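Asker: This is entry.txt, which holds compact mmCIF, N, CA and C atoms:
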# COMPACT_ATOMS: atom_id res chain seq x y z
N MET H 1 0.85 -1.18 0.00
CA MET H 1 0.00 0.00 0.00
C MET H 1 0.89 1.24 0.00
N THR H 2 0.55 2.20 -0.85
CA THR H 2 1.27 3.45 -0.93
C THR H 2 0.39 4.58 -0.39
N LEU H 3 0.97 5.38 0.49
CA LEU H 3 0.24 6.52 1.05
C LEU H 3 0.61 7.79 0.29
N PHE H 4 -0.41 8.60 0.03
CA PHE H 4 -0.23 9.91 -0.59
C PHE H 4 -0.85 10.94 0.34
N PHE H 5 -0.12 12.01 0.54
CA PHE H 5 -0.55 13.08 1.45
C PHE H 5 -0.78 14.34 0.63
N PRO H 6 -2.02 14.55 0.14
CA PRO H 6 -2.30 15.73 -0.69
C PRO H 6 -2.27 17.03 0.10
N ASP H 7 -1.67 18.03 -0.51
CA ASP H 7 -1.69 19.40 -0.03
C ASP H 7 -3.12 19.93 -0.18
N LEU H 8 -3.40 21.05 0.46
CA LEU H 8 -4.74 21.64 0.36
C LEU H 8 -5.12 21.98 -1.07
N ASN H 9 -4.15 22.41 -1.88
CA ASN H 9 -4.50 22.77 -3.25
C ASN H 9 -4.95 21.55 -4.05
N VAL H 10 -4.48 20.38 -3.70
CA VAL H 10 -4.91 19.16 -4.38
C VAL H 10 -6.30 18.75 -3.90
N TRP H 11 -6.51 18.77 -2.58
CA TRP H 11 -7.84 18.45 -2.06
C TRP H 11 -8.90 19.40 -2.63
N LEU H 12 -8.57 20.69 -2.71
CA LEU H 12 -9.53 21.65 -3.25
C LEU H 12 -9.80 21.37 -4.72
N ALA H 13 -8.76 21.09 -5.49
CA ALA H 13 -8.93 20.79 -6.92
C ALA H 13 -9.78 19.53 -7.11
N LEU H 14 -9.63 18.56 -6.24
CA LEU H 14 -10.43 17.33 -6.32
C LEU H 14 -11.88 17.57 -5.88
N SER H 15 -12.08 18.56 -5.03
CA SER H 15 -13.40 18.82 -4.45
C SER H 15 -14.22 19.84 -5.21
N ASP H 16 -13.58 20.63 -6.05
CA ASP H 16 -14.26 21.71 -6.78
C ASP H 16 -13.99 21.55 -8.27
N SER H 17 -15.00 21.14 -9.01
CA SER H 17 -14.83 20.89 -10.45
C SER H 17 -14.46 22.16 -11.22
N GLY H 18 -14.70 23.33 -10.64
CA GLY H 18 -14.35 24.58 -11.30
C GLY H 18 -12.92 25.03 -11.03
N HIS H 19 -12.20 24.31 -10.21
CA HIS H 19 -10.83 24.67 -9.87
C HIS H 19 -9.92 24.51 -11.08
N VAL H 20 -8.97 25.41 -11.24
CA VAL H 20 -8.08 25.41 -12.40
C VAL H 20 -7.30 24.09 -12.54
N HIS H 21 -7.04 23.41 -11.45
CA HIS H 21 -6.28 22.15 -11.50
C HIS H 21 -7.16 20.91 -11.34
N SER H 22 -8.46 21.06 -11.39
CA SER H 22 -9.35 19.93 -11.15
C SER H 22 -9.09 18.76 -12.10
N ARG H 23 -8.98 19.05 -13.37
CA ARG H 23 -8.77 17.99 -14.35
C ARG H 23 -7.45 17.25 -14.09
N ASP H 24 -6.38 18.00 -13.82
CA ASP H 24 -5.09 17.38 -13.53
C ASP H 24 -5.15 16.54 -12.26
N ALA H 25 -5.82 17.06 -11.24
CA ALA H 25 -5.93 16.34 -9.97
C ALA H 25 -6.68 15.02 -10.16
N TRP H 26 -7.77 15.07 -10.91
CA TRP H 26 -8.54 13.85 -11.13
C TRP H 26 -7.79 12.85 -12.02
N SER H 27 -7.07 13.35 -12.99
CA SER H 27 -6.25 12.44 -13.83
C SER H 27 -5.21 11.74 -12.97
N TRP H 28 -4.57 12.49 -12.10
CA TRP H 28 -3.58 11.89 -11.20
C TRP H 28 -4.25 10.84 -10.30
N LEU H 29 -5.37 11.20 -9.70
CA LEU H 29 -6.05 10.28 -8.78
C LEU H 29 -6.46 8.99 -9.49
N LYS H 30 -7.00 9.13 -10.68
CA LYS H 30 -7.44 7.94 -11.43
C LYS H 30 -6.28 7.06 -11.87
N SER H 31 -5.08 7.63 -11.91
CA SER H 31 -3.91 6.84 -12.34
C SER H 31 -3.30 6.02 -11.21
N LEU H 32 -3.76 6.22 -9.98
CA LEU H 32 -3.15 5.53 -8.84
C LEU H 32 -3.56 4.06 -8.80
N PRO H 33 -2.66 3.19 -8.33
CA PRO H 33 -3.02 1.79 -8.14
C PRO H 33 -4.14 1.67 -7.11
N GLY H 34 -4.90 0.60 -7.20
CA GLY H 34 -6.06 0.41 -6.33
C GLY H 34 -5.73 0.31 -4.85
N ASP H 35 -4.51 -0.07 -4.52
CA ASP H 35 -4.16 -0.20 -3.10
C ASP H 35 -3.59 1.10 -2.52
N SER H 36 -3.63 2.18 -3.28
CA SER H 36 -3.15 3.48 -2.79
C SER H 36 -4.14 4.07 -1.80
N ARG H 37 -3.62 4.87 -0.89
CA ARG H 37 -4.46 5.56 0.08
C ARG H 37 -4.11 7.04 0.08
N LEU H 38 -5.14 7.88 0.15
CA LEU H 38 -4.97 9.32 0.31
C LEU H 38 -5.25 9.66 1.76
N VAL H 39 -4.40 10.49 2.34
CA VAL H 39 -4.48 10.77 3.76
C VAL H 39 -4.90 12.21 4.02
N PHE H 40 -5.92 12.35 4.86
CA PHE H 40 -6.26 13.64 5.45
C PHE H 40 -5.60 13.70 6.81
N SER H 41 -5.12 14.87 7.20
CA SER H 41 -4.70 15.13 8.57
C SER H 41 -5.65 16.18 9.12
N ARG H 42 -5.53 16.50 10.38
CA ARG H 42 -6.39 17.55 10.93
C ARG H 42 -6.13 18.87 10.20
N TYR H 43 -4.88 19.13 9.87
CA TYR H 43 -4.51 20.37 9.16
C TYR H 43 -5.18 20.44 7.80
N THR H 44 -5.15 19.35 7.03
CA THR H 44 -5.76 19.39 5.69
C THR H 44 -7.28 19.32 5.78
N GLN H 45 -7.80 18.64 6.80
CA GLN H 45 -9.25 18.61 6.99
C GLN H 45 -9.77 20.02 7.25
N ILE H 46 -9.20 20.70 8.24
CA ILE H 46 -9.64 22.05 8.59
C ILE H 46 -9.39 23.01 7.43
N GLY H 47 -8.26 22.85 6.77
CA GLY H 47 -7.94 23.71 5.64
C GLY H 47 -8.95 23.58 4.51
N LEU H 48 -9.33 22.34 4.17
CA LEU H 48 -10.31 22.14 3.11
C LEU H 48 -11.66 22.74 3.51
N LEU H 49 -12.09 22.49 4.73
CA LEU H 49 -13.35 23.07 5.19
C LEU H 49 -13.31 24.59 5.08
N ARG H 50 -12.22 25.18 5.53
CA ARG H 50 -12.08 26.64 5.50
C ARG H 50 -12.12 27.18 4.08
N LEU H 51 -11.40 26.54 3.16
CA LEU H 51 -11.37 27.01 1.77
C LEU H 51 -12.74 26.88 1.10
N LEU H 52 -13.43 25.79 1.37
CA LEU H 52 -14.73 25.56 0.73
C LEU H 52 -15.79 26.59 1.13
N VAL H 53 -15.64 27.20 2.30
CA VAL H 53 -16.64 28.17 2.76
C VAL H 53 -16.20 29.62 2.55
N THR H 54 -15.06 29.82 1.91
CA THR H 54 -14.50 31.16 1.74
C THR H 54 -14.87 31.75 0.38
N PRO H 55 -15.72 32.79 0.36
CA PRO H 55 -16.13 33.38 -0.91
C PRO H 55 -14.97 33.92 -1.76
N SER H 56 -13.91 34.43 -1.14
CA SER H 56 -12.80 34.94 -1.94
C SER H 56 -12.03 33.83 -2.65
N ILE H 57 -12.20 32.60 -2.21
CA ILE H 57 -11.59 31.43 -2.86
C ILE H 57 -12.58 30.79 -3.83
N MET H 58 -13.80 30.57 -3.36
CA MET H 58 -14.79 29.79 -4.10
C MET H 58 -15.76 30.64 -4.92
N GLY H 59 -15.75 31.96 -4.71
CA GLY H 59 -16.69 32.80 -5.42
C GLY H 59 -18.12 32.43 -5.06
N SER H 60 -18.98 32.42 -6.05
CA SER H 60 -20.40 32.10 -5.81
C SER H 60 -20.61 30.63 -5.47
N ALA H 61 -19.59 29.80 -5.65
CA ALA H 61 -19.69 28.38 -5.31
C ALA H 61 -19.33 28.10 -3.85
N ALA H 62 -19.05 29.16 -3.06
CA ALA H 62 -18.72 28.97 -1.64
C ALA H 62 -19.87 28.22 -0.96
N LEU H 63 -19.50 27.29 -0.12
CA LEU H 63 -20.47 26.45 0.56
C LEU H 63 -20.75 26.97 1.96
N THR H 64 -21.82 26.48 2.54
CA THR H 64 -22.06 26.70 3.96
C THR H 64 -21.13 25.74 4.71
N VAL H 65 -21.01 25.95 6.00
CA VAL H 65 -20.20 25.03 6.80
C VAL H 65 -20.76 23.61 6.70
N GLY H 66 -22.08 23.49 6.76
CA GLY H 66 -22.70 22.17 6.62
C GLY H 66 -22.40 21.53 5.27
N GLY H 67 -22.42 22.35 4.22
CA GLY H 67 -22.10 21.84 2.89
C GLY H 67 -20.65 21.40 2.78
N ALA H 68 -19.75 22.14 3.42
CA ALA H 68 -18.33 21.77 3.41
C ALA H 68 -18.12 20.44 4.13
N TRP H 69 -18.82 20.25 5.25
CA TRP H 69 -18.71 18.96 5.96
C TRP H 69 -19.21 17.81 5.08
N LYS H 70 -20.23 18.07 4.29
CA LYS H 70 -20.73 17.01 3.40
C LYS H 70 -19.68 16.63 2.37
N VAL H 71 -18.96 17.61 1.83
CA VAL H 71 -17.88 17.32 0.88
C VAL H 71 -16.82 16.46 1.56
N TYR H 72 -16.41 16.85 2.74
CA TYR H 72 -15.41 16.08 3.49
C TYR H 72 -15.91 14.67 3.79
N ASP H 73 -17.15 14.57 4.25
CA ASP H 73 -17.72 13.25 4.57
C ASP H 73 -17.77 12.34 3.34
N ARG H 74 -18.06 12.91 2.17
CA ARG H 74 -18.05 12.10 0.94
C ARG H 74 -16.65 11.55 0.67
N TRP H 75 -15.63 12.37 0.95
CA TRP H 75 -14.26 11.86 0.78
C TRP H 75 -14.01 10.66 1.67
N LEU H 76 -14.48 10.73 2.91
CA LEU H 76 -14.22 9.63 3.84
C LEU H 76 -15.02 8.37 3.50
N GLU H 77 -16.04 8.50 2.68
CA GLU H 77 -16.78 7.32 2.21
C GLU H 77 -15.98 6.53 1.18
N ASP H 78 -15.00 7.17 0.57
CA ASP H 78 -14.15 6.53 -0.42
C ASP H 78 -13.16 5.62 0.32
N PRO H 79 -13.11 4.33 -0.03
CA PRO H 79 -12.21 3.42 0.69
C PRO H 79 -10.72 3.75 0.51
N GLN H 80 -10.38 4.59 -0.46
CA GLN H 80 -8.98 4.98 -0.65
C GLN H 80 -8.60 6.20 0.19
N VAL H 81 -9.55 6.79 0.89
CA VAL H 81 -9.29 8.01 1.65
C VAL H 81 -9.42 7.72 3.14
N GLU H 82 -8.42 8.16 3.89
CA GLU H 82 -8.43 7.92 5.34
C GLU H 82 -7.98 9.18 6.07
N PHE H 83 -8.45 9.29 7.31
CA PHE H 83 -7.98 10.35 8.20
C PHE H 83 -6.93 9.73 9.11
N TYR H 84 -5.77 10.37 9.18
CA TYR H 84 -4.71 9.93 10.08
C TYR H 84 -4.49 11.01 11.13
N PRO H 85 -4.42 10.61 12.40
CA PRO H 85 -4.10 11.61 13.42
C PRO H 85 -2.67 12.10 13.26
N GLU H 86 -2.38 13.19 13.93
CA GLU H 86 -1.04 13.75 13.89
C GLU H 86 -0.01 12.70 14.33
N PRO H 87 1.02 12.53 13.55
CA PRO H 87 2.06 11.58 13.95
C PRO H 87 2.69 12.00 15.29
N ARG H 88 2.93 11.04 16.14
CA ARG H 88 3.44 11.31 17.48
C ARG H 88 4.76 12.10 17.47
N ASP H 89 5.65 11.76 16.60
CA ASP H 89 6.98 12.38 16.58
C ASP H 89 7.14 13.43 15.48
N VAL H 90 6.08 14.15 15.17
CA VAL H 90 6.13 15.10 14.06
C VAL H 90 6.91 16.37 14.40
N GLU H 91 6.95 16.77 15.65
CA GLU H 91 7.60 18.05 15.96
C GLU H 91 9.08 18.08 15.60
N PRO H 92 9.88 17.08 15.92
CA PRO H 92 11.29 17.15 15.48
C PRO H 92 11.42 17.26 13.96
N SER H 93 10.55 16.57 13.25
CA SER H 93 10.57 16.66 11.78
C SER H 93 10.17 18.06 11.32
N LEU H 94 9.20 18.66 11.97
CA LEU H 94 8.80 20.03 11.65
C LEU H 94 9.96 20.99 11.89
N ARG H 95 10.63 20.82 13.01
CA ARG H 95 11.77 21.70 13.32
C ARG H 95 12.88 21.56 12.28
N ARG H 96 13.15 20.34 11.85
CA ARG H 96 14.17 20.13 10.81
C ARG H 96 13.74 20.78 9.51
N SER H 97 12.46 20.68 9.18
CA SER H 97 11.96 21.26 7.93
C SER H 97 12.05 22.77 7.91
N THR H 98 11.93 23.40 9.08
CA THR H 98 11.93 24.86 9.14
C THR H 98 13.32 25.47 9.23
N VAL H 99 14.35 24.66 9.40
CA VAL H 99 15.72 25.19 9.54
C VAL H 99 16.09 26.10 8.38
N ALA H 100 15.70 25.75 7.17
CA ALA H 100 16.05 26.56 5.99
C ALA H 100 15.44 27.96 6.05
N PHE H 101 14.44 28.16 6.91
CA PHE H 101 13.76 29.45 6.99
C PHE H 101 14.05 30.17 8.31
N ALA H 102 14.98 29.66 9.09
CA ALA H 102 15.23 30.16 10.45
C ALA H 102 15.51 31.66 10.50
N SER H 103 16.15 32.21 9.50
CA SER H 103 16.49 33.63 9.52
C SER H 103 15.51 34.48 8.71
N GLN H 104 14.38 33.90 8.34
CA GLN H 104 13.42 34.61 7.51
C GLN H 104 12.09 34.81 8.23
N LYS H 105 11.33 35.78 7.76
CA LYS H 105 9.94 35.95 8.16
C LYS H 105 9.14 35.30 7.05
N ALA H 106 8.76 34.06 7.25
CA ALA H 106 8.17 33.27 6.17
C ALA H 106 6.93 32.52 6.67
N PRO H 107 5.80 33.23 6.83
CA PRO H 107 4.61 32.57 7.39
C PRO H 107 4.10 31.39 6.56
N LYS H 108 4.17 31.47 5.24
CA LYS H 108 3.71 30.36 4.41
C LYS H 108 4.58 29.13 4.62
N ALA H 109 5.85 29.35 4.90
CA ALA H 109 6.78 28.23 5.08
C ALA H 109 6.40 27.37 6.28
N ILE H 110 5.80 27.96 7.30
CA ILE H 110 5.42 27.19 8.48
C ILE H 110 4.40 26.11 8.10
N GLY H 111 3.36 26.50 7.38
CA GLY H 111 2.35 25.52 6.94
C GLY H 111 2.93 24.51 5.98
N ASP H 112 3.75 24.97 5.06
CA ASP H 112 4.37 24.04 4.10
C ASP H 112 5.26 23.04 4.83
N CYS H 113 6.01 23.52 5.80
CA CYS H 113 6.89 22.62 6.55
C CYS H 113 6.09 21.63 7.40
N TRP H 114 4.94 22.07 7.87
CA TRP H 114 4.06 21.15 8.61
C TRP H 114 3.59 20.02 7.69
N LEU H 115 3.16 20.37 6.50
CA LEU H 115 2.72 19.35 5.55
C LEU H 115 3.86 18.38 5.23
N LEU H 116 5.03 18.92 5.00
CA LEU H 116 6.19 18.11 4.70
C LEU H 116 6.55 17.19 5.88
N ALA H 117 6.54 17.74 7.09
CA ALA H 117 6.86 16.93 8.27
C ALA H 117 5.84 15.81 8.45
N CYS H 118 4.57 16.10 8.28
CA CYS H 118 3.55 15.05 8.42
C CYS H 118 3.73 13.98 7.36
N ALA H 119 3.93 14.40 6.12
CA ALA H 119 4.14 13.43 5.04
C ALA H 119 5.34 12.54 5.36
N ARG H 120 6.41 13.15 5.82
CA ARG H 120 7.62 12.39 6.15
C ARG H 120 7.34 11.38 7.26
N GLU H 121 6.68 11.83 8.32
CA GLU H 121 6.44 10.94 9.46
C GLU H 121 5.42 9.85 9.14
N LEU H 122 4.52 10.11 8.20
CA LEU H 122 3.55 9.09 7.77
C LEU H 122 4.12 8.18 6.69
N ASN H 123 5.33 8.50 6.23
CA ASN H 123 5.94 7.77 5.12
C ASN H 123 5.03 7.81 3.90
N ALA H 124 4.53 9.01 3.62
CA ALA H 124 3.61 9.23 2.51
C ALA H 124 4.24 10.21 1.52
N ALA H 125 3.93 10.04 0.26
CA ALA H 125 4.38 10.99 -0.76
C ALA H 125 3.54 12.25 -0.66
N LEU H 126 4.20 13.39 -0.59
CA LEU H 126 3.50 14.67 -0.58
C LEU H 126 3.05 15.00 -2.00
N VAL H 127 1.79 15.38 -2.16
CA VAL H 127 1.24 15.69 -3.47
C VAL H 127 0.79 17.15 -3.45
N THR H 128 1.34 17.95 -4.37
CA THR H 128 1.03 19.39 -4.35
C THR H 128 1.16 19.99 -5.75
N PHE H 129 0.41 21.03 -5.99
CA PHE H 129 0.57 21.84 -7.19
C PHE H 129 1.54 22.99 -6.94
N ASP H 130 1.96 23.18 -5.71
CA ASP H 130 2.84 24.26 -5.30
C ASP H 130 4.29 23.86 -5.62
N ARG H 131 4.85 24.48 -6.63
CA ARG H 131 6.22 24.12 -7.06
C ARG H 131 7.26 24.39 -5.98
N ALA H 132 7.09 25.47 -5.22
CA ALA H 132 8.06 25.77 -4.16
C ALA H 132 8.02 24.68 -3.08
N LEU H 133 6.83 24.23 -2.69
CA LEU H 133 6.71 23.15 -1.71
C LEU H 133 7.27 21.85 -2.28
N HIS H 134 6.98 21.59 -3.52
CA HIS H 134 7.51 20.40 -4.19
C HIS H 134 9.04 20.42 -4.16
N ASP H 135 9.63 21.56 -4.52
CA ASP H 135 11.08 21.68 -4.54
C ASP H 135 11.67 21.55 -3.14
N LEU H 136 11.03 22.17 -2.14
CA LEU H 136 11.49 22.06 -0.76
C LEU H 136 11.48 20.60 -0.31
N SER H 137 10.43 19.92 -0.62
CA SER H 137 10.32 18.51 -0.25
C SER H 137 11.46 17.70 -0.86
N ARG H 138 11.70 17.91 -2.13
CA ARG H 138 12.77 17.18 -2.82
C ARG H 138 14.14 17.54 -2.24
N LYS H 139 14.36 18.83 -1.94
CA LYS H 139 15.64 19.26 -1.35
C LYS H 139 15.88 18.59 0.00
N GLN H 140 14.79 18.35 0.73
CA GLN H 140 14.91 17.73 2.04
C GLN H 140 14.87 16.20 1.96
N GLY H 141 14.94 15.69 0.73
CA GLY H 141 15.05 14.25 0.55
C GLY H 141 13.76 13.47 0.69
N HIS H 142 12.62 14.14 0.50
CA HIS H 142 11.34 13.46 0.62
C HIS H 142 10.66 13.36 -0.75
N THR H 143 9.85 12.36 -0.92
CA THR H 143 9.12 12.16 -2.16
C THR H 143 8.01 13.19 -2.29
N ALA H 144 7.98 13.86 -3.42
CA ALA H 144 6.93 14.83 -3.71
C ALA H 144 6.47 14.64 -5.14
N ILE H 145 5.19 14.86 -5.36
CA ILE H 145 4.59 14.65 -6.67
C ILE H 145 3.87 15.92 -7.11
N LEU H 146 4.10 16.32 -8.34
CA LEU H 146 3.34 17.39 -8.99
C LEU H 146 2.34 16.71 -9.93
N PRO H 147 1.06 16.72 -9.61
CA PRO H 147 0.10 16.00 -10.44
C PRO H 147 -0.14 16.61 -11.82
N ALA H 148 0.37 17.80 -12.07
CA ALA H 148 0.14 18.46 -13.37
C ALA H 148 1.16 18.01 -14.39
Transcribe the structure of this file into structure tokens.
Answerer:
Amino acid sequence: MTLFFPDLNVWLALSDSGHVHSRDAWSWLKSLPGDSRLVFSRYTQIGLLRLLVTPSIMGSAALTVGGAWKVYDRWLEDPQVEFYPEPRDVEPSLRRSTVAFASQKAPKAIGDCWLLACARELNAALVTFDRALHDLSRKQGHTAILPA
């Protein structure tokens, strides 16, 4: 079994058919072997819910909170999708991931490093449309996939 840890931009593209990367995300997902698993963490769960209800992201397709939960619940009905709790030893991995940004004011890097640390600790491939996150992951010796 291979674990894949999608970034928020991938979950959103898979959840919103109007997303610019939706077609690429679905092509990638359909290409996976049947024993593959996609992992939600609390961070990606909350992030997807937040994005789905945000009008500046979703425009007129923004959902209610109840509607966003329904999207998430449909994902969990898929046998290839699972929720994994935070890995027990994720903090040392997070600290290692942030070393490259230690002298910078880089708020986006904190979230990106969290995703990378979780993927690393879960032994899952990080999947993202974000080229900078993809490159960071590869620089730190972790598997990263650009579905486009």
Asker: Show me, as a VMD selection string, the residues that have an atom within 9 Å of H:Leu136 when counting only C-alpha atoms, minus same-chain residues fewer than 5 positions from it.
Answerer: chain H and resid 97 112 to 113 116 131 141 to 142
Asker: Which polymer residues have any atom within 6.5 Å of an atom of H:Leu94, counting only N, CA and C atoms, with same-chain residues fewer than 3 positions away left out, as number ranges by chain?
Answerer: H: 90-91, 97-99, 113-114, 117-118
Asker: What's around H:Gly18 at 9 Å? Count only C-alpha atoms, leave out sequence neighbours fewer than 4 positions away in its own chain, and write the answer as a list of chain:residue names.
Answerer: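 Here the qualifying residues turn out to be H:Ala13, H:Ser22, H:Met58, H:Ala61.
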Asker: Give me, please, the distance in Å between atom CA of H:Pro79 and atom CA of H:Leu63, quoted to one decimal.
Answerer: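 Computing it gives 24.5 Å between the two atoms.
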Asker: Taking the DSSP assignment computed from this structure's backbone, write out as a PyMOL selection string all residues of stretch 38-148 of chain H that belong to alpha helix (DSSP H).
Answerer: chain H and resi 42-52+55-58+65-77+90-98+107-122+131-139
Asker: Could you name the residues that touch H:Pro85 at 7 Å or less, counting only N, CA and C atoms, but leaving out those on the same chain fewer than 3 positions away, as a PDB file with N, CA and C atoms, keeping the file's coordinate frame?
Answerer:
ATOM      1  N   PHE H  40      -5.920  12.350   4.860  1.00  0.00           N
ATOM      2  CA  PHE H  40      -6.260  13.640   5.450  1.00  0.00           C
ATOM      3  C   PHE H  40      -5.600  13.700   6.810  1.00  0.00           C
ATOM      4  N   SER H  41      -5.120  14.870   7.200  1.00  0.00           N
ATOM      5  CA  SER H  41      -4.700  15.130   8.570  1.00  0.00           C
ATOM      6  C   SER H  41      -5.650  16.180   9.120  1.00  0.00           C
ATOM      7  N   ARG H  42      -5.530  16.500  10.380  1.00  0.00           N
ATOM      8  CA  ARG H  42      -6.390  17.550  10.930  1.00  0.00           C
ATOM      9  C   ARG H  42      -6.130  18.870  10.200  1.00  0.00           C
ATOM     10  N   ARG H  88       2.930  11.040  16.140  1.00  0.00           N
ATOM     11  CA  ARG H  88       3.440  11.310  17.480  1.00  0.00           C
ATOM     12  C   ARG H  88       4.760  12.100  17.470  1.00  0.00           C
TER      13      ARG H  88
END
Asker: Kindly give the distance, in Å, that separates atom CA of H:Leu3 and atom CA of H:Asn123, rounded to a single decimal.
Answerer: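 Computing it gives 7.1 Å between the two atoms.
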Asker: If I take atom CA of H:Ala102 and atom N of H:Ala132, how far is one from the other in Å, to one decimal?
Answerer: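 Atom N of H:Ala132 lies 18.3 Å from atom CA of H:Ala102.
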Asker: List every residue of chain H that DSSP, applied to the backbone of this structure, places in strand (DSSP E or B), and write the result as a list in words.
Answerer: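 Of chain H, only Leu3, Phe4, Phe5, Pro6, Arg37, Leu38, Val39, Phe40, Val81, Glu82, Phe83, Ala125, Leu126, Val127, Ala144 and Ile145 of chain H fall in strand (DSSP E or B).
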Asker: What does the file look like for those residues with N, CA and C atoms, as a PDB file, keeping the file's coordinate frame?
Answerer:
ATOM      1  N   LEU H   3       0.970   5.380   0.490  1.00  0.00           N
ATOM      2  CA  LEU H   3       0.240   6.520   1.050  1.00  0.00           C
ATOM      3  C   LEU H   3       0.610   7.790   0.290  1.00  0.00           C
ATOM      4  N   PHE H   4      -0.410   8.600   0.030  1.00  0.00           N
ATOM      5  CA  PHE H   4      -0.230   9.910  -0.590  1.00  0.00           C
ATOM      6  C   PHE H   4      -0.850  10.940   0.340  1.00  0.00           C
ATOM      7  N   PHE H   5      -0.120  12.010   0.540  1.00  0.00           N
ATOM      8  CA  PHE H   5      -0.550  13.080   1.450  1.00  0.00           C
ATOM      9  C   PHE H   5      -0.780  14.340   0.630  1.00  0.00           C
ATOM     10  N   PRO H   6      -2.020  14.550   0.140  1.00  0.00           N
ATOM     11  CA  PRO H   6      -2.300  15.730  -0.690  1.00  0.00           C
ATOM     12  C   PRO H   6      -2.270  17.030   0.100  1.00  0.00           C
ATOM     13  N   ARG H  37      -3.620   4.870  -0.890  1.00  0.00           N
ATOM     14  CA  ARG H  37      -4.460   5.560   0.080  1.00  0.00           C
ATOM     15  C   ARG H  37      -4.110   7.040   0.080  1.00  0.00           C
ATOM     16  N   LEU H  38      -5.140   7.880   0.150  1.00  0.00           N
ATOM     17  CA  LEU H  38      -4.970   9.320   0.310  1.00  0.00           C
ATOM     18  C   LEU H  38      -5.250   9.660   1.760  1.00  0.00           C
ATOM     19  N   VAL H  39      -4.400  10.490   2.340  1.00  0.00           N
ATOM     20  CA  VAL H  39      -4.480  10.770   3.760  1.00  0.00           C
ATOM     21  C   VAL H  39      -4.900  12.210   4.020  1.00  0.00           C
ATOM     22  N   PHE H  40      -5.920  12.350   4.860  1.00  0.00           N
ATOM     23  CA  PHE H  40      -6.260  13.640   5.450  1.00  0.00           C
ATOM     24  C   PHE H  40      -5.600  13.700   6.810  1.00  0.00           C
ATOM     25  N   VAL H  81      -9.550   6.790   0.890  1.00  0.00           N
ATOM     26  CA  VAL H  81      -9.290   8.010   1.650  1.00  0.00           C
ATOM     27  C   VAL H  81      -9.420   7.720   3.140  1.00  0.00           C
ATOM     28  N   GLU H  82      -8.420   8.160   3.890  1.00  0.00           N
ATOM     29  CA  GLU H  82      -8.430   7.920   5.340  1.00  0.00           C
ATOM     30  C   GLU H  82      -7.980   9.180   6.070  1.00  0.00           C
ATOM     31  N   PHE H  83      -8.450   9.290   7.310  1.00  0.00           N
ATOM     32  CA  PHE H  83      -7.980  10.350   8.200  1.00  0.00           C
ATOM     33  C   PHE H  83      -6.930   9.730   9.110  1.00  0.00           C
ATOM     34  N   ALA H 125       3.930  10.040   0.260  1.00  0.00           N
ATOM     35  CA  ALA H 125       4.380  10.990  -0.760  1.00  0.00           C
ATOM     36  C   ALA H 125       3.540  12.250  -0.660  1.00  0.00           C
ATOM     37  N   LEU H 126       4.200  13.390  -0.590  1.00  0.00           N
ATOM     38  CA  LEU H 126       3.500  14.670  -0.580  1.00  0.00           C
ATOM     39  C   LEU H 126       3.050  15.000  -2.000  1.00  0.00           C
ATOM     40  N   VAL H 127       1.790  15.380  -2.160  1.00  0.00           N
ATOM     41  CA  VAL H 127       1.240  15.690  -3.470  1.00  0.00           C
ATOM     42  C   VAL H 127       0.790  17.150  -3.450  1.00  0.00           C
ATOM     43  N   ALA H 144       7.980  13.860  -3.420  1.00  0.00           N
ATOM     44  CA  ALA H 144       6.930  14.830  -3.710  1.00  0.00           C
ATOM     45  C   ALA H 144       6.470  14.640  -5.140  1.00  0.00           C
ATOM     46  N   ILE H 145       5.190  14.860  -5.360  1.00  0.00           N
ATOM     47  CA  ILE H 145       4.590  14.650  -6.670  1.00  0.00           C
ATOM     48  C   ILE H 145       3.870  15.920  -7.110  1.00  0.00           C
TER      49      ILE H 145
END
Asker: Would you mind listing, for every residue of stretch 32-61 of chain H within 7 Å of stretch 66-70 of chain H, the two atoms forming the shortest contact and the distance between them in Å to one decimal, using only C-alpha atoms, sorted by chain and ascending residue number, as CSV?
Answerer:
residue,atom,partner,partner_atom,distance
H:Leu49,CA,H:Ala68,CA,5.4
H:Leu52,CA,H:Ala68,CA,5.9
H:Val53,CA,H:Ala68,CA,6.7
Asker: List the spatial neighbours of stretch 29-34 of chain H as a PyMOL selection string - criterion: any atom at most 8 Å away, only N, CA and C atoms, same-chain residues fewer than 6 positions off excluded.
Answerer: chain H and resi 1-2+23+80+147
Asker: Point out the residue among H:Ser56, H:Thr143, H:Thr128, H:Ser137 with the least atom-to-atom distance to H:Asn9, counting only N, CA and C atoms.
Answerer: H:Thr128
Asker: With distances taken over only C-alpha atoms, which of H:Ala119, H:Asp135, H:Ala125, H:Ser93 is nearest to H:Thr44?
Answerer: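 Ranked by minimum distance to H:Thr44, first place goes to H:Ala119.
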Asker: Of the candidates H:His19, H:Leu8, H:Val81, H:Asp73, which one gets nearest to H:Ile46 if we count only C-alpha atoms?
Answerer: H:Leu8
Asker: Once 5 Å is added on each side, what centre and edge lengths in Å to one decimal does the axis-aligned box around all listed atoms of stretch 93-109 of chain H have, as lines of an AutoDock Vina configuration file?
Answerer:
center_x = 10.1
center_y = 26.3
center_z = 8.9
size_x = 22.8
size_y = 29.4
size_z = 18.9
Asker: Under the rule that only C-alpha atoms are counted, which of H:Ala100, H:Ala109, H:Pro92, H:Trp75 is the nearest residue to H:Arg37?
Answerer: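 Smallest distance to H:Arg37 is found for H:Trp75.
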Asker: Find the residue from H:Val39, H:Leu51, H:Val65, H:Val20 that sits nearest to H:Phe4; use only N, CA and C atoms when measuring.
Answerer: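 Smallest separation from H:Phe4 among the options: H:Val39.
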